[in-house]
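Here is the structure we will look at, set down as structure tokens.
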Amino acid sequence: MTSEKYDEIEKFIYVDTTFIKKIAVNKASVERLKSHKYINFYAAKAIYEQRKKLGKLSSKDDLRNLKDLPEQTLQKILPYISFE
């Protein structure tokens, strides 16, 4: 799809974010984390280990600089995770 074509149809696109079931990173197992298409096993393990280390993850800042979770991937998963 070209950017011109996208610009034409963008006003007709709507995503209802209320249907997104977020992953609670402070409760999720490695298996649950890696079930998301943007999170591979190594990223899931890194998130899990960071949670063990900090006790509780409170924001995206707690996930920054994890070797197995690149910034680009972190930005992709933010709409799909919660820190509750």
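In the structure tokens, chains take the letters A, B, ... in the order shown, each chain's residues start at 1, and ligands count up from 1 in the order shown.
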
Using only C-alpha atoms, determine which residues lie at most 10 Å from range 28-36 of chain A, disregarding the query and same-chain residues fewer than 4 positions distant; provide the list as a PDB file with all heavy atoms, in the first residue's frame.
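Output file out_24.pdb is given in full below:
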ATOM      1  N   ILE A  23      -1.861  -7.550  28.549  1.00  0.00           N
ATOM      2  CA  ILE A  23      -1.122  -8.514  29.359  1.00  0.00           C
ATOM      3  C   ILE A  23      -0.614  -7.782  30.600  1.00  0.00           C
ATOM      4  O   ILE A  23       0.066  -6.761  30.488  1.00  0.00           O
ATOM      5  CB  ILE A  23       0.067  -9.098  28.574  1.00  0.00           C
ATOM      6  CG1 ILE A  23      -0.415  -9.851  27.339  1.00  0.00           C
ATOM      7  CG2 ILE A  23       0.903 -10.008  29.471  1.00  0.00           C
ATOM      8  CD1 ILE A  23       0.699 -10.298  26.413  1.00  0.00           C
ATOM      9  N   ALA A  24      -0.944  -8.289  31.762  1.00  0.00           N
ATOM     10  CA  ALA A  24      -0.471  -7.706  33.025  1.00  0.00           C
ATOM     11  C   ALA A  24       0.955  -8.199  33.266  1.00  0.00           C
ATOM     12  O   ALA A  24       1.160  -9.333  33.698  1.00  0.00           O
ATOM     13  CB  ALA A  24      -1.395  -8.105  34.174  1.00  0.00           C
ATOM     14  N   ASN A  40       9.172 -12.379  21.859  1.00  0.00           N
ATOM     15  CA  ASN A  40       9.742 -13.716  21.708  1.00  0.00           C
ATOM     16  C   ASN A  40      10.142 -14.265  23.080  1.00  0.00           C
ATOM     17  O   ASN A  40       9.999 -13.592  24.108  1.00  0.00           O
ATOM     18  CB  ASN A  40      10.923 -13.709  20.725  1.00  0.00           C
ATOM     19  CG  ASN A  40      12.092 -12.876  21.203  1.00  0.00           C
ATOM     20  OD1 ASN A  40      12.308 -12.679  22.395  1.00  0.00           O
ATOM     21  ND2 ASN A  40      12.880 -12.387  20.264  1.00  0.00           N
ATOM     22  N   PHE A  41      10.627 -15.484  23.096  1.00  0.00           N
ATOM     23  CA  PHE A  41      10.978 -16.127  24.363  1.00  0.00           C
ATOM     24  C   PHE A  41      12.007 -15.306  25.144  1.00  0.00           C
ATOM     25  O   PHE A  41      11.881 -15.126  26.356  1.00  0.00           O
ATOM     26  CB  PHE A  41      11.520 -17.538  24.121  1.00  0.00           C
ATOM     27  CG  PHE A  41      12.113 -18.151  25.356  1.00  0.00           C
ATOM     28  CD1 PHE A  41      11.299 -18.679  26.341  1.00  0.00           C
ATOM     29  CD2 PHE A  41      13.483 -18.166  25.552  1.00  0.00           C
ATOM     30  CE1 PHE A  41      11.836 -19.223  27.502  1.00  0.00           C
ATOM     31  CE2 PHE A  41      14.035 -18.716  26.700  1.00  0.00           C
ATOM     32  CZ  PHE A  41      13.208 -19.239  27.682  1.00  0.00           C
ATOM     33  N   TYR A  42      13.010 -14.793  24.461  1.00  0.00           N
ATOM     34  CA  TYR A  42      14.082 -14.073  25.148  1.00  0.00           C
ATOM     35  C   TYR A  42      13.590 -12.757  25.745  1.00  0.00           C
ATOM     36  O   TYR A  42      13.970 -12.394  26.861  1.00  0.00           O
ATOM     37  CB  TYR A  42      15.257 -13.841  24.198  1.00  0.00           C
ATOM     38  CG  TYR A  42      15.818 -15.139  23.693  1.00  0.00           C
ATOM     39  CD1 TYR A  42      15.532 -15.587  22.412  1.00  0.00           C
ATOM     40  CD2 TYR A  42      16.580 -15.958  24.520  1.00  0.00           C
ATOM     41  CE1 TYR A  42      16.017 -16.807  21.954  1.00  0.00           C
ATOM     42  CE2 TYR A  42      17.068 -17.181  24.069  1.00  0.00           C
ATOM     43  CZ  TYR A  42      16.782 -17.592  22.790  1.00  0.00           C
ATOM     44  OH  TYR A  42      17.257 -18.799  22.357  1.00  0.00           O
ATOM     45  N   ALA A  43      12.730 -12.062  25.040  1.00  0.00           N
ATOM     46  CA  ALA A  43      12.142 -10.827  25.570  1.00  0.00           C
ATOM     47  C   ALA A  43      11.236 -11.148  26.757  1.00  0.00           C
ATOM     48  O   ALA A  43      11.254 -10.444  27.773  1.00  0.00           O
ATOM     49  CB  ALA A  43      11.375 -10.093  24.483  1.00  0.00           C
ATOM     50  N   ALA A  44      10.440 -12.217  26.635  1.00  0.00           N
ATOM     51  CA  ALA A  44       9.550 -12.620  27.734  1.00  0.00           C
ATOM     52  C   ALA A  44      10.359 -12.961  28.979  1.00  0.00           C
ATOM     53  O   ALA A  44      10.012 -12.562  30.093  1.00  0.00           O
ATOM     54  CB  ALA A  44       8.704 -13.813  27.301  1.00  0.00           C
ATOM     55  N   LYS A  45      11.436 -13.698  28.797  1.00  0.00           N
ATOM     56  CA  LYS A  45      12.305 -14.081  29.917  1.00  0.00           C
ATOM     57  C   LYS A  45      12.939 -12.837  30.536  1.00  0.00           C
ATOM     58  O   LYS A  45      13.031 -12.721  31.759  1.00  0.00           O
ATOM     59  CB  LYS A  45      13.377 -15.051  29.411  1.00  0.00           C
ATOM     60  CG  LYS A  45      14.277 -15.585  30.473  1.00  0.00           C
ATOM     61  CD  LYS A  45      13.598 -16.655  31.270  1.00  0.00           C
ATOM     62  CE  LYS A  45      14.650 -17.354  32.126  1.00  0.00           C
ATOM     63  NZ  LYS A  45      14.103 -17.884  33.327  1.00  0.00           N
ATOM     64  N   ALA A  46      13.365 -11.879  29.701  1.00  0.00           N
ATOM     65  CA  ALA A  46      13.976 -10.643  30.205  1.00  0.00           C
ATOM     66  C   ALA A  46      12.971  -9.836  31.028  1.00  0.00           C
ATOM     67  O   ALA A  46      13.315  -9.298  32.087  1.00  0.00           O
ATOM     68  CB  ALA A  46      14.508  -9.809  29.050  1.00  0.00           C
ATOM     69  N   ILE A  47      11.730  -9.745  30.547  1.00  0.00           N
ATOM     70  CA  ILE A  47      10.685  -9.034  31.297  1.00  0.00           C
ATOM     71  C   ILE A  47      10.445  -9.725  32.636  1.00  0.00           C
ATOM     72  O   ILE A  47      10.365  -9.086  33.682  1.00  0.00           O
ATOM     73  CB  ILE A  47       9.384  -8.956  30.474  1.00  0.00           C
ATOM     74  CG1 ILE A  47       9.587  -8.059  29.253  1.00  0.00           C
ATOM     75  CG2 ILE A  47       8.228  -8.452  31.332  1.00  0.00           C
ATOM     76  CD1 ILE A  47       8.462  -8.140  28.229  1.00  0.00           C
ATOM     77  N   TYR A  48      10.326 -11.036  32.590  1.00  0.00           N
ATOM     78  CA  TYR A  48      10.090 -11.821  33.808  1.00  0.00           C
ATOM     79  C   TYR A  48      11.232 -11.638  34.816  1.00  0.00           C
ATOM     80  O   TYR A  48      10.989 -11.405  36.007  1.00  0.00           O
ATOM     81  CB  TYR A  48       9.930 -13.303  33.427  1.00  0.00           C
ATOM     82  CG  TYR A  48       9.687 -14.204  34.593  1.00  0.00           C
ATOM     83  CD1 TYR A  48       8.419 -14.347  35.130  1.00  0.00           C
ATOM     84  CD2 TYR A  48      10.736 -14.933  35.165  1.00  0.00           C
ATOM     85  CE1 TYR A  48       8.193 -15.190  36.206  1.00  0.00           C
ATOM     86  CE2 TYR A  48      10.514 -15.772  36.241  1.00  0.00           C
ATOM     87  CZ  TYR A  48       9.252 -15.899  36.765  1.00  0.00           C
ATOM     88  OH  TYR A  48       9.029 -16.723  37.831  1.00  0.00           O
ATOM     89  N   GLU A  49      12.461 -11.707  34.341  1.00  0.00           N
ATOM     90  CA  GLU A  49      13.626 -11.541  35.230  1.00  0.00           C
ATOM     91  C   GLU A  49      13.705 -10.123  35.795  1.00  0.00           C
ATOM     92  O   GLU A  49      14.066  -9.934  36.960  1.00  0.00           O
ATOM     93  CB  GLU A  49      14.923 -11.900  34.497  1.00  0.00           C
ATOM     94  CG  GLU A  49      15.050 -13.368  34.148  1.00  0.00           C
ATOM     95  CD  GLU A  49      15.067 -14.288  35.369  1.00  0.00           C
ATOM     96  OE1 GLU A  49      15.622 -13.902  36.414  1.00  0.00           O
ATOM     97  OE2 GLU A  49      14.527 -15.406  35.277  1.00  0.00           O
ATOM     98  N   ILE A  77       4.914  -3.022  21.847  1.00  0.00           N
ATOM     99  CA  ILE A  77       4.095  -3.771  22.810  1.00  0.00           C
ATOM    100  C   ILE A  77       3.383  -2.892  23.831  1.00  0.00           C
ATOM    101  O   ILE A  77       2.468  -3.360  24.502  1.00  0.00           O
ATOM    102  CB  ILE A  77       4.919  -4.858  23.544  1.00  0.00           C
ATOM    103  CG1 ILE A  77       5.971  -4.249  24.471  1.00  0.00           C
ATOM    104  CG2 ILE A  77       5.503  -5.849  22.565  1.00  0.00           C
ATOM    105  CD1 ILE A  77       6.665  -5.240  25.374  1.00  0.00           C
ATOM    106  N   TYR A  80      -0.280  -3.037  24.400  1.00  0.00           N
ATOM    107  CA  TYR A  80      -0.782  -4.369  24.727  1.00  0.00           C
ATOM    108  C   TYR A  80      -0.401  -4.859  26.117  1.00  0.00           C
ATOM    109  O   TYR A  80      -0.720  -5.983  26.472  1.00  0.00           O
ATOM    110  CB  TYR A  80      -0.282  -5.379  23.685  1.00  0.00           C
ATOM    111  CG  TYR A  80      -0.612  -4.978  22.286  1.00  0.00           C
ATOM    112  CD1 TYR A  80       0.356  -4.422  21.455  1.00  0.00           C
ATOM    113  CD2 TYR A  80      -1.901  -5.134  21.783  1.00  0.00           C
ATOM    114  CE1 TYR A  80       0.058  -4.029  20.160  1.00  0.00           C
ATOM    115  CE2 TYR A  80      -2.207  -4.735  20.493  1.00  0.00           C
ATOM    116  CZ  TYR A  80      -1.226  -4.187  19.694  1.00  0.00           C
ATOM    117  OH  TYR A  80      -1.538  -3.796  18.418  1.00  0.00           O
ATOM    118  N   ILE A  81       0.265  -4.024  26.894  1.00  0.00           N
ATOM    119  CA  ILE A  81       0.669  -4.440  28.236  1.00  0.00           C
ATOM    120  C   ILE A  81       0.168  -3.439  29.271  1.00  0.00           C
ATOM    121  O   ILE A  81      -0.095  -2.277  28.959  1.00  0.00           O
ATOM    122  CB  ILE A  81       2.203  -4.619  28.364  1.00  0.00           C
ATOM    123  CG1 ILE A  81       2.944  -3.310  28.105  1.00  0.00           C
ATOM    124  CG2 ILE A  81       2.691  -5.732  27.457  1.00  0.00           C
ATOM    125  CD1 ILE A  81       4.436  -3.357  28.347  1.00  0.00           C
TER     126      ILE A  81
END

### Query
Pick the closest to Arg51 in chain A from A:Asn26, A:Thr2, A:Thr18, A:Ser82: which is it, counting only C-alpha atoms?
A:Asn26

### Task
For CA of Glu8 in chain A and CA of Leu74 in chain A, determine how far apart the two atoms are, in Å to one decimal place.
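Straight-line distance from CA of Glu8 in chain A to CA of Leu74 in chain A works out to 29.6 Å.
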
### Message
I'd like to know which residues of chain A are strand (DSSP E or B) (by DSSP, run on the backbone); could you write them as a PyMOL selection string?
### Response
chain A and resi 23-24+81-82

Convert the current residue selection to file output with N, CA, C and O atoms, as a PDB file, in the first residue's frame.
ATOM      1  N   ILE A  23      -1.861  -7.550  28.549  1.00  0.00           N
ATOM      2  CA  ILE A  23      -1.122  -8.514  29.359  1.00  0.00           C
ATOM      3  C   ILE A  23      -0.614  -7.782  30.600  1.00  0.00           C
ATOM      4  O   ILE A  23       0.066  -6.761  30.488  1.00  0.00           O
ATOM      5  N   ALA A  24      -0.944  -8.289  31.762  1.00  0.00           N
ATOM      6  CA  ALA A  24      -0.471  -7.706  33.025  1.00  0.00           C
ATOM      7  C   ALA A  24       0.955  -8.199  33.266  1.00  0.00           C
ATOM      8  O   ALA A  24       1.160  -9.333  33.698  1.00  0.00           O
ATOM      9  N   ILE A  81       0.265  -4.024  26.894  1.00  0.00           N
ATOM     10  CA  ILE A  81       0.669  -4.440  28.236  1.00  0.00           C
ATOM     11  C   ILE A  81       0.168  -3.439  29.271  1.00  0.00           C
ATOM     12  O   ILE A  81      -0.095  -2.277  28.959  1.00  0.00           O
ATOM     13  N   SER A  82       0.025  -3.923  30.489  1.00  0.00           N
ATOM     14  CA  SER A  82      -0.358  -3.037  31.599  1.00  0.00           C
ATOM     15  C   SER A  82       0.582  -3.296  32.770  1.00  0.00           C
ATOM     16  O   SER A  82       1.159  -4.372  32.898  1.00  0.00           O
TER      17      SER A  82
END

### Task
Please measure the separation of CA of Glu10 in chain A and CA of Pro79 in chain A, giving the value in Å to one decimal.
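Separation of CA of Glu10 in chain A and CA of Pro79 in chain A: 19.9 Å.
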
### Query
Quick one: of A:Glu84, A:Lys21, A:Gln72, A:Ile13, who's nearest to Ser58 in chain A, counting only C-alpha atoms?
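So, comparing all the options, the nearest one is A:Glu84.
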
### Best match for closeness to Gln50 in chain A among A:Val25, A:Pro70, A:Lys37, A:Glu4, counting only C-alpha atoms
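Smallest distance to Gln50 in chain A is found for A:Val25.
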
### Task
Calculate how many Å separate CA of Asp68 in chain A from CA of Phe19 in chain A, rounding to one decimal.
28.2 Å
